[in-house]
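To be precise, the following lines are work-v7.txt, and they hold compact mmCIF, C-alpha atoms.
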```
# COMPACT_ATOMS: atom_id res chain seq x y z
CA MET A 1 6.18 17.09 -37.08
CA ASN A 2 6.87 15.44 -40.38
CA ALA A 3 9.89 13.64 -38.99
CA PHE A 4 7.75 12.37 -36.12
CA MET A 5 5.02 11.14 -38.45
CA ASN A 6 7.61 9.34 -40.58
CA TRP A 7 9.06 7.67 -37.52
CA PHE A 8 5.54 6.77 -36.39
CA TYR A 9 4.61 5.24 -39.75
CA ARG A 10 7.86 3.24 -39.80
CA MET A 11 7.36 1.88 -36.26
CA ALA A 12 3.77 1.02 -37.17
CA SER A 13 4.64 -0.94 -40.29
CA PRO A 14 3.76 -4.57 -39.45
CA PRO A 15 7.20 -6.15 -40.16
CA HIS A 16 8.99 -3.43 -38.23
CA PHE A 17 6.54 -3.67 -35.34
CA TYR A 18 6.82 -7.45 -35.27
CA ARG A 19 10.59 -7.24 -34.85
CA TRP A 20 10.84 -4.51 -32.19
CA SER A 21 7.90 -5.79 -30.12
CA GLY A 22 9.55 -9.22 -29.85
CA THR A 23 12.54 -7.68 -28.08
CA ALA A 24 10.41 -5.27 -26.03
CA ILE A 25 8.05 -7.77 -24.35
CA PRO A 26 10.52 -9.21 -21.76
CA TRP A 27 11.53 -5.66 -20.80
CA PHE A 28 7.97 -5.13 -19.59
CA LEU A 29 7.13 -8.61 -18.36
CA VAL A 30 10.16 -9.12 -16.10
CA PRO A 31 9.83 -5.82 -14.16
CA ALA A 32 6.06 -6.43 -13.99
CA THR A 33 6.65 -9.78 -12.28
CA VAL A 34 9.21 -8.35 -9.85
CA LEU A 35 6.93 -5.44 -8.95
CA ALA A 36 3.93 -7.75 -8.60
CA VAL A 37 5.80 -9.92 -6.07
CA ILE A 38 6.86 -6.84 -4.07
CA GLY A 39 3.36 -5.39 -4.39
CA LEU A 40 1.68 -8.57 -3.19
CA TYR A 41 4.01 -8.72 -0.20
CA LEU A 42 3.29 -5.09 0.71
CA ALA A 43 -0.45 -5.50 0.14
CA LEU A 44 -0.96 -8.76 2.00
CA VAL A 45 1.70 -8.67 4.72
CA THR A 46 3.13 -5.28 5.66
CA SER A 47 0.31 -2.82 4.88
CA PRO A 48 -1.87 -1.77 7.83
CA THR A 49 -5.56 -2.47 8.30
CA ASP A 50 -8.08 0.32 7.81
CA TYR A 51 -9.59 2.10 10.81
CA GLN A 52 -13.09 1.32 9.51
CA MET A 53 -12.82 -1.68 7.22
CA GLY A 54 -10.11 -3.71 8.86
CA ASP A 55 -8.48 -6.26 6.56
CA THR A 56 -10.97 -5.88 3.70
CA VAL A 57 -9.08 -2.72 2.73
CA ARG A 58 -6.54 -5.10 1.15
CA ILE A 59 -9.03 -5.70 -1.67
CA MET A 60 -8.31 -2.11 -2.71
CA TYR A 61 -4.80 -3.09 -3.89
CA VAL A 62 -6.25 -5.29 -6.64
CA HIS A 63 -9.61 -3.59 -7.19
CA VAL A 64 -8.33 -0.06 -7.80
CA PRO A 65 -5.48 -0.95 -10.23
CA VAL A 66 -7.64 -3.26 -12.39
CA ALA A 67 -10.59 -0.84 -12.40
CA TRP A 68 -8.41 2.16 -13.20
CA LEU A 69 -6.50 0.35 -15.94
CA SER A 70 -9.68 -1.02 -17.50
CA LEU A 71 -10.68 2.61 -18.14
CA MET A 72 -7.21 3.26 -19.58
CA CYS A 73 -7.65 0.18 -21.78
CA TYR A 74 -10.93 1.44 -23.16
CA THR A 75 -9.58 4.91 -23.81
CA SER A 76 -6.50 3.56 -25.62
CA MET A 77 -8.72 1.17 -27.60
CA ALA A 78 -10.88 4.11 -28.74
CA VAL A 79 -7.81 6.22 -29.58
CA ALA A 80 -6.24 3.35 -31.55
CA SER A 81 -9.56 2.84 -33.35
CA ALA A 82 -9.73 6.52 -34.28
CA ILE A 83 -6.13 6.46 -35.55
CA GLY A 84 -6.97 3.37 -37.58
CA LEU A 85 -10.05 5.00 -39.07
CA ILE A 86 -8.52 8.38 -39.83
CA TRP A 87 -4.98 7.49 -40.88
CA ARG A 88 -5.83 4.02 -42.22
CA ILE A 89 -3.03 2.49 -40.17
CA LYS A 90 -3.68 -1.26 -40.05
CA LEU A 91 -1.56 -1.77 -36.98
CA ALA A 92 -3.78 0.63 -35.00
CA HIS A 93 -6.78 -1.63 -35.63
CA ALA A 94 -4.67 -4.62 -34.61
CA VAL A 95 -3.80 -2.84 -31.33
CA ALA A 96 -7.48 -2.07 -30.67
CA ALA A 97 -8.40 -5.68 -31.35
CA ALA A 98 -5.62 -6.80 -28.99
CA ILE A 99 -6.75 -4.49 -26.17
CA ALA A 100 -10.43 -5.53 -26.13
CA PRO A 101 -10.11 -8.96 -24.45
CA ALA A 102 -7.45 -7.65 -22.05
CA GLY A 103 -9.72 -4.77 -21.07
CA ALA A 104 -12.72 -7.05 -20.74
CA SER A 105 -10.85 -9.35 -18.36
CA LEU A 106 -9.77 -6.38 -16.21
CA THR A 107 -13.35 -5.08 -16.14
CA ALA A 108 -14.64 -8.48 -15.07
CA LEU A 109 -11.97 -8.60 -12.34
CA ALA A 110 -12.92 -5.14 -11.09
CA LEU A 111 -16.57 -6.19 -10.90
CA PHE A 112 -15.67 -9.42 -9.09
CA THR A 113 -13.31 -7.85 -6.55
CA GLY A 114 -15.70 -4.92 -6.13
CA SER A 115 -18.62 -7.13 -5.24
CA LEU A 116 -16.47 -9.12 -2.79
CA TRP A 117 -15.50 -5.78 -1.26
CA GLY A 118 -19.08 -4.54 -1.22
CA LYS A 119 -20.44 -7.44 0.80
CA PRO A 120 -18.40 -6.89 3.99
CA THR A 121 -18.36 -3.09 3.74
CA TRP A 122 -21.72 -1.94 2.31
CA GLY A 123 -23.65 -5.10 3.15
CA THR A 124 -24.42 -6.10 -0.44
CA TYR A 125 -22.63 -7.64 -3.44
CA TRP A 126 -24.35 -5.43 -5.98
CA VAL A 127 -26.54 -2.34 -6.27
CA TRP A 128 -27.81 -0.54 -9.36
CA ASP A 129 -26.30 2.85 -8.58
CA ALA A 130 -24.86 5.10 -11.29
CA ARG A 131 -21.25 3.98 -10.75
CA LEU A 132 -21.86 0.25 -10.81
CA THR A 133 -24.35 0.42 -13.67
CA SER A 134 -22.17 2.60 -15.91
CA TYR A 135 -19.18 0.39 -15.11
CA LEU A 136 -21.13 -2.74 -16.08
CA MET A 137 -21.76 -0.98 -19.42
CA LEU A 138 -17.99 -0.96 -19.92
CA LEU A 139 -17.94 -4.76 -19.90
CA PHE A 140 -20.70 -4.81 -22.52
CA LEU A 141 -18.79 -2.29 -24.66
CA PHE A 142 -15.64 -4.43 -24.65
CA ALA A 143 -17.70 -7.53 -25.45
CA GLY A 144 -19.69 -5.68 -28.13
CA PHE A 145 -16.47 -4.50 -29.74
CA ALA A 146 -15.06 -8.03 -29.95
CA LEU A 147 -18.37 -9.54 -31.17
CA LEU A 148 -18.92 -6.86 -33.80
CA ARG A 149 -15.39 -7.26 -35.13
CA ASN A 150 -15.81 -11.01 -35.45
CA ALA A 151 -19.24 -10.68 -37.12
CA PHE A 152 -17.59 -9.63 -40.40
CA SER A 153 -15.79 -12.18 -42.53
CA ASP A 154 -13.71 -9.33 -43.98
CA VAL A 155 -11.13 -8.21 -41.39
CA GLN A 156 -11.03 -4.64 -42.67
CA ARG A 157 -14.78 -4.11 -42.55
CA GLY A 158 -14.93 -5.67 -39.09
CA ASP A 159 -12.15 -3.35 -37.95
CA ARG A 160 -13.99 -0.25 -39.17
CA ALA A 161 -17.38 -1.19 -37.75
CA ALA A 162 -15.89 -2.05 -34.36
CA ALA A 163 -13.80 1.15 -34.42
CA ILE A 164 -16.96 3.25 -34.71
CA LEU A 165 -18.49 1.40 -31.74
CA ALA A 166 -15.32 1.99 -29.71
CA ILE A 167 -15.41 5.73 -30.44
CA VAL A 168 -19.13 6.02 -29.65
CA GLY A 169 -18.64 4.13 -26.38
CA VAL A 170 -15.90 6.43 -25.15
CA VAL A 171 -18.58 8.81 -23.77
CA ASN A 172 -19.11 6.20 -21.06
CA ILE A 173 -15.61 6.81 -19.66
CA PRO A 174 -16.27 10.31 -18.20
CA ILE A 175 -19.68 9.06 -17.06
CA ILE A 176 -18.06 6.25 -15.06
CA HIS A 177 -15.40 8.57 -13.67
CA TYR A 178 -17.74 11.39 -12.61
CA SER A 179 -20.79 9.26 -11.72
CA VAL A 180 -19.80 9.39 -8.05
CA ASN A 181 -19.73 13.23 -8.11
CA TRP A 182 -22.67 13.93 -10.41
CA TRP A 183 -25.17 11.65 -8.73
CA ASN A 184 -25.90 10.07 -5.37
CA THR A 185 -24.26 6.64 -5.40
CA LEU A 186 -23.52 3.95 -2.86
CA HIS A 187 -19.99 3.78 -4.25
CA GLN A 188 -17.67 6.23 -2.50
CA PRO A 189 -16.17 9.21 -4.37
CA ALA A 190 -12.64 9.06 -5.76
CA SER A 191 -9.81 9.26 -3.24
CA PHE A 192 -7.62 11.09 -5.74
CA SER A 193 -8.61 14.31 -7.36
CA VAL A 194 -6.74 16.44 -9.86
CA THR A 195 -8.48 19.63 -8.73
CA LYS A 196 -8.22 19.03 -5.00
CA GLY A 197 -4.77 17.46 -5.37
CA GLN A 198 -5.12 15.49 -2.16
CA ALA A 199 -5.27 11.79 -1.53
CA GLY A 200 -7.72 10.35 0.96
CA ILE A 201 -5.43 7.37 1.31
CA ASP A 202 -2.74 7.27 4.00
CA SER A 203 0.82 6.99 2.64
CA SER A 204 1.28 3.56 4.26
CA MET A 205 -1.47 2.34 1.94
CA LEU A 206 -0.46 4.42 -1.08
CA TRP A 207 2.85 2.61 -1.64
CA PRO A 208 1.39 -0.89 -2.00
CA LEU A 209 -1.31 0.61 -4.24
CA PHE A 210 1.16 2.35 -6.54
CA THR A 211 3.41 -0.71 -6.71
CA MET A 212 0.49 -2.87 -7.79
CA LEU A 213 -0.73 -0.23 -10.21
CA PHE A 214 2.69 0.01 -11.82
CA ALA A 215 3.04 -3.79 -11.98
CA VAL A 216 -0.31 -4.24 -13.71
CA THR A 217 0.46 -1.36 -16.11
CA LEU A 218 3.73 -3.00 -17.24
CA TYR A 219 1.98 -6.36 -17.46
CA LEU A 220 -0.73 -4.85 -19.67
CA VAL A 221 1.80 -3.32 -22.07
CA ALA A 222 3.43 -6.74 -22.44
CA LEU A 223 0.09 -8.51 -22.87
CA VAL A 224 -1.17 -6.03 -25.48
CA LEU A 225 2.14 -6.30 -27.39
CA MET A 226 1.87 -10.11 -27.35
CA ARG A 227 -1.74 -10.03 -28.52
CA THR A 228 -1.00 -7.40 -31.18
CA ARG A 229 1.77 -9.66 -32.57
CA ASN A 230 -0.82 -12.41 -32.89
CA GLU A 231 -3.20 -10.03 -34.65
CA VAL A 232 -0.38 -9.07 -37.03
CA LEU A 233 0.27 -12.77 -37.75
CA ILE A 234 -3.42 -13.29 -38.58
CA ARG A 235 -3.64 -10.24 -40.83
CA GLU A 236 -0.31 -10.63 -42.60
CA ARG A 237 -0.12 -14.40 -42.94
CA ARG A 238 -0.03 -14.20 -46.74
CA LYS A 239 2.71 -11.56 -46.84
CA ALA A 240 6.26 -12.37 -47.90
CA TRP A 241 7.91 -10.82 -44.83
CA ILE A 242 6.20 -13.30 -42.49
CA LYS A 243 7.77 -16.22 -44.32
CA GLU A 244 11.16 -14.55 -44.11
CA VAL A 245 10.75 -14.08 -40.37
CA LEU A 246 9.65 -17.68 -39.85
CA VAL A 247 12.17 -19.39 -42.09
CA LYS A 248 15.06 -17.78 -40.24
CA MET B 249 -10.48 18.62 -48.00
CA THR B 250 -8.26 15.60 -48.21
CA PRO B 251 -9.94 12.23 -47.55
CA ARG B 252 -8.02 11.99 -44.29
CA LYS B 253 -9.38 15.34 -43.08
CA GLU B 254 -12.87 14.26 -44.12
CA ARG B 255 -12.56 11.13 -42.00
CA MET B 256 -11.21 13.19 -39.11
CA THR B 257 -14.22 15.51 -39.35
CA ALA B 258 -16.61 12.58 -39.55
CA VAL B 259 -15.13 10.99 -36.40
CA SER B 260 -15.28 14.32 -34.53
CA ILE B 261 -18.89 14.95 -35.54
CA LEU B 262 -19.81 11.42 -34.47
CA LEU B 263 -18.18 11.93 -31.08
CA ILE B 264 -19.82 15.33 -30.51
CA ALA B 265 -23.24 14.02 -31.57
CA VAL B 266 -23.05 11.03 -29.23
CA SER B 267 -21.81 13.20 -26.32
CA LEU B 268 -24.67 15.67 -26.79
CA ALA B 269 -27.25 12.89 -27.10
CA THR B 270 -25.94 11.25 -23.93
CA PHE B 271 -25.82 14.56 -22.07
CA PHE B 272 -29.44 15.46 -22.83
CA GLY B 273 -30.58 11.86 -22.47
CA LEU B 274 -29.12 11.69 -18.96
CA ARG B 275 -30.55 15.08 -18.00
CA GLY B 276 -33.98 13.91 -19.08
CA CYS B 277 -34.24 11.00 -16.69
CA ASP B 278 -32.92 12.37 -13.41
CA ASN B 279 -35.01 10.12 -11.20
CA LEU B 280 -33.49 6.99 -12.75
CA LYS B 281 -29.97 7.87 -11.71
CA GLU B 282 -30.38 9.17 -8.20
CA TYR B 283 -29.69 6.11 -6.18
CA PHE B 284 -30.92 7.73 -2.98
CA PHE B 285 -32.57 10.89 -1.68
CA ASP B 286 -31.01 13.26 0.89
CA PRO B 287 -32.95 14.11 4.05
CA SER B 288 -33.42 17.68 2.70
CA GLU B 289 -35.13 16.35 -0.42
CA VAL B 290 -37.34 14.09 1.69
CA VAL B 291 -38.33 16.89 4.06
CA ALA B 292 -39.07 19.12 1.05
CA GLY B 293 -41.51 16.47 -0.17
CA ALA B 294 -39.58 15.01 -3.09
CA VAL B 295 -41.07 11.57 -2.41
CA LYS B 296 -44.74 10.66 -2.67
CA LYS B 297 -46.36 9.10 0.36
CA ASP B 298 -46.29 5.29 0.50
CA GLN B 299 -43.68 5.22 -2.23
CA GLU B 300 -40.67 3.02 -1.57
CA PHE B 301 -37.36 4.84 -1.94
CA ARG B 302 -33.80 4.97 -0.64
CA LEU B 303 -32.66 7.49 1.91
CA GLY B 304 -28.99 8.35 2.14
CA GLY B 305 -26.90 10.49 4.47
CA MET B 306 -24.84 10.40 7.64
CA VAL B 307 -25.87 8.57 10.78
CA LYS B 308 -26.11 11.43 13.27
CA GLU B 309 -23.75 11.20 16.23
CA ASN B 310 -25.39 9.94 19.47
CA SER B 311 -28.67 9.23 17.69
CA PHE B 312 -28.45 5.45 17.61
CA LYS B 313 -30.72 3.57 20.02
CA ARG B 314 -31.45 -0.13 20.22
CA THR B 315 -34.51 -1.49 22.00
CA ALA B 316 -33.04 -3.78 24.65
CA GLY B 317 -33.29 -7.49 23.88
CA SER B 318 -34.42 -7.04 20.27
CA LEU B 319 -33.10 -6.20 16.80
CA ASP B 320 -35.19 -3.01 16.65
CA VAL B 321 -33.03 0.06 16.14
CA ARG B 322 -33.69 3.74 15.68
CA PHE B 323 -31.29 6.41 14.45
CA ILE B 324 -31.26 9.75 12.68
CA VAL B 325 -29.99 10.21 9.13
CA THR B 326 -28.77 13.72 8.46
CA ASP B 327 -27.30 15.73 5.58
CA PHE B 328 -26.33 18.44 8.10
CA ALA B 329 -29.33 20.52 6.98
CA GLU B 330 -32.32 18.26 7.72
CA ASP B 331 -32.80 15.11 9.79
CA VAL B 332 -34.96 12.03 9.21
CA ILE B 333 -35.67 9.44 11.89
CA VAL B 334 -35.09 5.87 10.68
CA ARG B 335 -36.52 2.70 12.23
CA TYR B 336 -35.17 -0.69 11.32
CA SER B 337 -35.28 -4.23 12.61
CA GLY B 338 -32.51 -6.63 11.67
CA LEU B 339 -28.79 -7.07 11.38
CA LEU B 340 -26.71 -4.03 10.45
CA PRO B 341 -23.70 -4.11 8.10
CA ASP B 342 -20.29 -4.20 9.80
CA LEU B 343 -19.45 -0.70 8.68
CA PHE B 344 -22.58 0.85 10.14
CA ARG B 345 -21.34 3.59 12.53
CA GLU B 346 -22.48 6.88 13.87
CA GLY B 347 -20.81 9.62 11.86
CA GLN B 348 -20.55 7.37 8.78
CA GLY B 349 -22.66 7.21 5.66
CA VAL B 350 -25.70 4.97 5.29
CA VAL B 351 -28.27 4.15 2.60
CA ALA B 352 -31.61 2.80 3.83
CA THR B 353 -34.42 1.37 1.69
CA GLY B 354 -38.01 1.59 2.86
CA ARG B 355 -40.88 4.07 3.08
CA LEU B 356 -42.17 6.90 5.26
CA ASN B 357 -44.82 6.09 7.86
CA ASP B 358 -47.64 8.36 9.01
CA ALA B 359 -45.44 9.92 11.67
CA GLY B 360 -42.95 11.03 9.00
CA GLU B 361 -40.39 8.47 10.16
CA PHE B 362 -38.58 6.26 7.68
CA GLU B 363 -39.27 2.53 8.12
CA ALA B 364 -36.36 0.71 6.52
CA HIS B 365 -36.26 -2.92 5.46
CA THR B 366 -32.66 -2.82 4.14
CA ILE B 367 -29.61 -0.92 5.39
CA PHE B 368 -26.36 -0.50 3.47
CA ALA B 369 -23.31 1.23 4.89
CA LYS B 370 -21.78 3.90 2.68
CA HIS B 371 -18.05 4.23 2.92
CA ASP B 372 -16.22 7.51 2.42
CA GLU B 373 -13.11 8.03 0.32
CA ASN B 374 -10.65 8.07 3.24
CA TYR B 375 -8.43 5.11 4.03
CA MET B 376 -6.00 5.07 6.94
CA PRO B 377 -4.61 2.82 9.65
CA PRO B 378 -6.30 2.99 13.07
CA GLU B 379 -3.33 4.86 14.65
CA VAL B 380 -3.57 7.64 12.08
CA ALA B 381 -7.33 7.91 12.56
CA GLU B 382 -6.75 8.11 16.32
CA SER B 383 -4.21 10.94 16.01
CA LEU B 384 -6.44 12.79 13.53
CA LYS B 385 -9.28 12.61 16.00
CA THR B 386 -7.24 14.18 18.77
CA GLN B 387 -5.89 16.91 16.46
CA HIS B 388 -9.12 17.85 14.67
CA PRO B 389 -12.11 16.36 16.47
CA ALA B 390 -14.58 17.44 13.75
CA LYS B 391 -12.65 15.83 10.90
CA THR B 392 -14.37 12.43 10.92
CA SER B 393 -17.88 13.74 10.54
CA GLU B 394 -17.25 16.38 7.90
CA PRO B 395 -20.16 16.70 5.47
CA ARG B 396 -19.67 15.65 1.89
CA PRO B 397 -20.47 18.47 -0.53
CA MET C 398 2.03 -21.63 13.35
CA THR C 399 -0.98 -19.79 14.75
CA GLN C 400 0.32 -16.44 13.60
CA TRP C 401 0.23 -17.72 10.00
CA ALA C 402 -3.31 -18.98 10.53
CA ASP C 403 -4.26 -15.60 11.97
CA TRP C 404 -2.71 -13.82 9.04
CA PHE C 405 -4.56 -16.09 6.63
CA ALA C 406 -7.90 -15.66 8.41
CA MET C 407 -7.57 -11.84 8.49
CA ASN C 408 -10.06 -11.62 11.37
CA GLY C 409 -12.67 -13.35 9.24
CA ASP C 410 -12.20 -11.04 6.26
CA GLY C 411 -9.97 -13.61 4.55
CA VAL C 412 -12.97 -15.21 2.84
CA PHE C 413 -13.42 -11.96 0.91
CA VAL C 414 -9.79 -10.95 0.45
CA TRP C 415 -8.22 -14.23 -0.72
CA PRO C 416 -10.63 -14.98 -3.60
CA CYS C 417 -9.93 -11.48 -4.94
CA TYR C 418 -6.19 -12.07 -5.06
CA ILE C 419 -6.37 -15.67 -6.28
CA VAL C 420 -8.84 -14.97 -9.10
CA THR C 421 -6.93 -11.86 -10.18
CA VAL C 422 -3.62 -13.73 -10.39
CA LEU C 423 -5.27 -16.64 -12.25
CA VAL C 424 -6.93 -14.35 -14.80
CA LEU C 425 -3.80 -12.25 -15.39
CA VAL C 426 -1.54 -15.31 -15.80
CA GLY C 427 -4.24 -17.03 -17.90
CA ASN C 428 -4.27 -14.09 -20.32
CA LEU C 429 -0.53 -14.57 -20.92
CA LEU C 430 -0.90 -18.34 -21.38
CA ILE C 431 -3.74 -17.90 -23.89
CA ALA C 432 -1.67 -15.36 -25.83
CA THR C 433 1.36 -17.69 -26.07
CA ARG C 434 -0.83 -20.67 -27.00
CA ASN C 435 -2.51 -18.66 -29.77
CA ARG C 436 0.87 -17.54 -31.03
CA ARG C 437 2.16 -21.13 -31.21
CA ARG C 438 -0.94 -22.22 -33.14
CA LEU C 439 -0.72 -19.31 -35.56
CA LEU C 440 2.95 -20.00 -36.27
CA GLU C 441 2.19 -23.68 -36.88
CA ASP C 442 -0.60 -22.76 -39.30
CA ILE C 443 1.64 -20.37 -41.20
CA ARG C 444 4.47 -22.92 -41.38
CA LEU C 445 2.05 -25.49 -42.83
CA GLN C 446 0.88 -23.00 -45.41
CA ILE C 447 4.40 -22.15 -46.72
CA PRO C 448 5.27 -25.46 -48.49
CA MET C 449 1.75 -25.68 -49.88
CA GLU C 450 2.09 -22.35 -51.63
CA ASN C 451 5.60 -23.08 -52.87
CA SER C 452 4.49 -26.30 -54.54
CA ARG C 453 1.74 -24.55 -56.43
```

For this file, write the structure as structure tokens.
Amino acid sequence: MNAFMNWFYRMASPPHFYRWSGTAIPWFLVPATVLAVIGLYLALVTSPTDYQMGDTVRIMYVHVPVAWLSLMCYTSMAVASAIGLIWRIKLAHAVAAAIAPAGASLTALALFTGSLWGKPTWGTYWVWDARLTSYLMLLFLFAGFALLRNAFSDVQRGDRAAAILAIVGVVNIPIIHYSVNWWNTLHQPASFSVTKGQAGIDSSMLWPLFTMLFAVTLYLVALVLMRTRNEVLIRERRKAWIKEVLVK
Amino acid sequence: MTPRKERMTAVSILLIAVSLATFFGLRGCDNLKEYFFDPSEVVAGAVKKDQEFRLGGMVKENSFKRTAGSLDVRFIVTDFAEDVIVRYSGLLPDLFREGQGVVATGRLNDAGEFEAHTIFAKHDENYMPPEVAESLKTQHPAKTSEPRP
Amino acid sequence: MTQWADWFAMNGDGVFVWPCYIVTVLVLVGNLLIATRNRRRLLEDIRLQIPMENSR
């Protein structure tokens, strides 16, 4: 345990992180691009139409990955915030700050693609059911996090205040996930379930979905690493190691 | 306690407090969150007369009738326990089918029928190509209209 | 040629499907471009600040 914590602290030291993340980014970005091209081909060309929805089912291949990963983004942002608060690791706050705009953009995309899916299937772009309303809250939480952090002139105080908001807001994640089971909603229930273990999606549609999901996941890791490096540059600009890195 | 453990406790207490507050807050305002009522709730009198509400359930098989030459339609919404007759005049969403979910907005008339002014189709969580749906239908004919728990 | 037009039209659902894909790709690529632009600016700022501090 101690050895792990030591390794963790070393990886999380800003100069060390700055060096390894620089090499790591292409290893995520290149496979993400390749998978995205394959995924787009599968989703738009080879995958079948749905027996009820016809071609609009293709919206699923962007809607589901971005919606699912936006929840992952929020959860990781809250975990990073908690690590930053409890262990006083500066890099953890930098990671949380880097995730927020990425997560917000995914949430906005999920809302946009969802409403374009809702119109031809349900007959409306938007309804105030429990799923859509709680999911809209997620966008406000990401925005609130970024605004609160920027409201402080002192980076450290901004980090801590925003971290508390991130942790408080994490209760919304199970609410979003279970809203379709707990309450009557227009949004359909989840097609995957851990307890039932079955997928309501035919395998010919699962493969494009997983390819896209995997592509966006790799992309997100690369994006968050890039944005965290920027956060590190902002926070450490007066440190000696930055000059050494730049002069080289 | 070390300062780190104190902070850990503080974060945990914060999280538990917020979860409890949300849990009881959400339990307190049930009517805000239910987007629609089931036919059983409507038949049991959950809705006041002349009150506008949403009714959700399955469109009962072979219940759909259209008055010839008009947009007036009539169908039955069921939750497989109770039925409610729905009347509506207008265009229906593309996904409106018998045996599929529907959410109608409107109010009950004197005859106990639901007069809807808006109809949304409710999709289920199953996605498959038409061929698969066709073969499922021949293997298990009841599969497509299974009630949602 | 018509089979491409048919594919693009998606039986009329294309008006819903294509904006989803186009906007998603634009936003995801835009995120990367903004991140690299910010990085370039930050590095420039830091480079400017080095000689200033050395001359002090």

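Comparing A:Leu147, A:Ala161, A:Ala43, A:Leu132 by their smallest distance to chain C, the closest is A:Ala43 (using all atoms listed in the file).
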
Exercise for the section: Name all residues at most 8 Å from Met205 in chain A (count all atoms listed in the file; drop same-chain ones fewer than 2 positions away) and give them as a ChimeraX atom specification. Expected result: /A:47-48,201-203,207-209 /B:375-376

Listing only residues of chain A within 8 Å of chain B, what is the closest atom pair and its distance in Å (to one decimal) for each, using all atoms listed in the file, sorted by chain and residue number ascending, as a Markdown table?
```
| residue | atom | partner | partner_atom | distance |
| --- | --- | --- | --- | --- |
| A:Pro48 | CA | B:Pro377 | CA | 5.6 |
| A:Thr49 | CA | B:Pro377 | CA | 5.5 |
| A:Asp50 | CA | B:Pro377 | CA | 4.7 |
| A:Tyr51 | CA | B:Pro378 | CA | 4.1 |
| A:Gln52 | CA | B:Leu343 | CA | 6.7 |
| A:Met53 | CA | B:Leu343 | CA | 6.9 |
| A:Val57 | CA | B:Tyr375 | CA | 8.0 |
| A:Ala82 | CA | B:Val259 | CA | 7.3 |
| A:Leu85 | CA | B:Arg255 | CA | 7.2 |
| A:Ile86 | CA | B:Arg255 | CA | 5.3 |
| A:Trp87 | CA | B:Arg252 | CA | 6.4 |
| A:Pro120 | CA | B:Asp342 | CA | 6.7 |
| A:Thr121 | CA | B:Leu343 | CA | 5.6 |
| A:Trp122 | CA | B:Ala369 | CA | 4.4 |
| A:Gly123 | CA | B:Pro341 | CA | 5.0 |
| A:Thr124 | CA | B:Phe368 | CA | 7.1 |
| A:Trp128 | CA | B:Tyr283 | CA | 7.6 |
| A:Asp129 | CA | B:Tyr283 | CA | 5.3 |
| A:Ala130 | CA | B:Lys281 | CA | 5.8 |
| A:Ile167 | CA | B:Leu263 | CA | 6.8 |
| A:Val168 | CA | B:Leu263 | CA | 6.2 |
| A:Val171 | CA | B:Ser267 | CA | 6.0 |
| A:Trp183 | CA | B:Glu282 | CA | 5.8 |
| A:Asn184 | CA | B:Glu282 | CA | 5.4 |
| A:Thr185 | CA | B:Tyr283 | CA | 5.5 |
| A:Leu186 | CA | B:Lys370 | CA | 5.8 |
| A:His187 | CA | B:Lys370 | CA | 7.2 |
| A:Gln188 | CA | B:Asp372 | CA | 5.3 |
| A:Pro189 | CA | B:Glu373 | CA | 5.7 |
| A:Ala190 | CA | B:Glu373 | CA | 6.2 |
| A:Ser191 | CA | B:Glu373 | CA | 5.0 |
| A:Gly200 | CA | B:Asn374 | CA | 4.4 |
| A:Ile201 | CA | B:Tyr375 | CA | 4.6 |
| A:Asp202 | CA | B:Met376 | CA | 4.9 |
| A:Ser204 | CA | B:Met376 | CA | 7.9 |
| A:Met205 | CA | B:Met376 | CA | 7.3 |
```

Range 146-158 of chain A, all listed atoms, 5 Å padding on each side: what axis-aligned box centre and edge lengths in Å to one decimal come out, as AutoDock Vina command-line options?
```
--center_x -15.1 --center_y -8.1 --center_z -37.0 --size_x 18.2 --size_y 18.1 --size_z 24.0
```

With 6 Å as the cut-off and all atoms listed in the file counted, what is the closest atom pair between each nearby residue of chain A and chain C? Distances in Å to one decimal, ordered by chain and number, as a Markdown table.
```
| residue | atom | partner | partner_atom | distance |
| --- | --- | --- | --- | --- |
| A:Asp55 | CA | C:Met407 | CA | 6.0 |
| A:Thr56 | CA | C:Asp410 | CA | 5.9 |
| A:Ile59 | CA | C:Val414 | CA | 5.7 |
| A:Thr113 | CA | C:Cys417 | CA | 5.2 |
| A:Leu116 | CA | C:Phe413 | CA | 5.6 |
| A:Arg227 | CA | C:Ala432 | CA | 6.0 |
| A:Asn230 | CA | C:Arg436 | CA | 5.7 |
```

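One distance worth recording is that between CA of Leu29 in chain A and CA of Glu244 in chain A, which is 26.7 Å.
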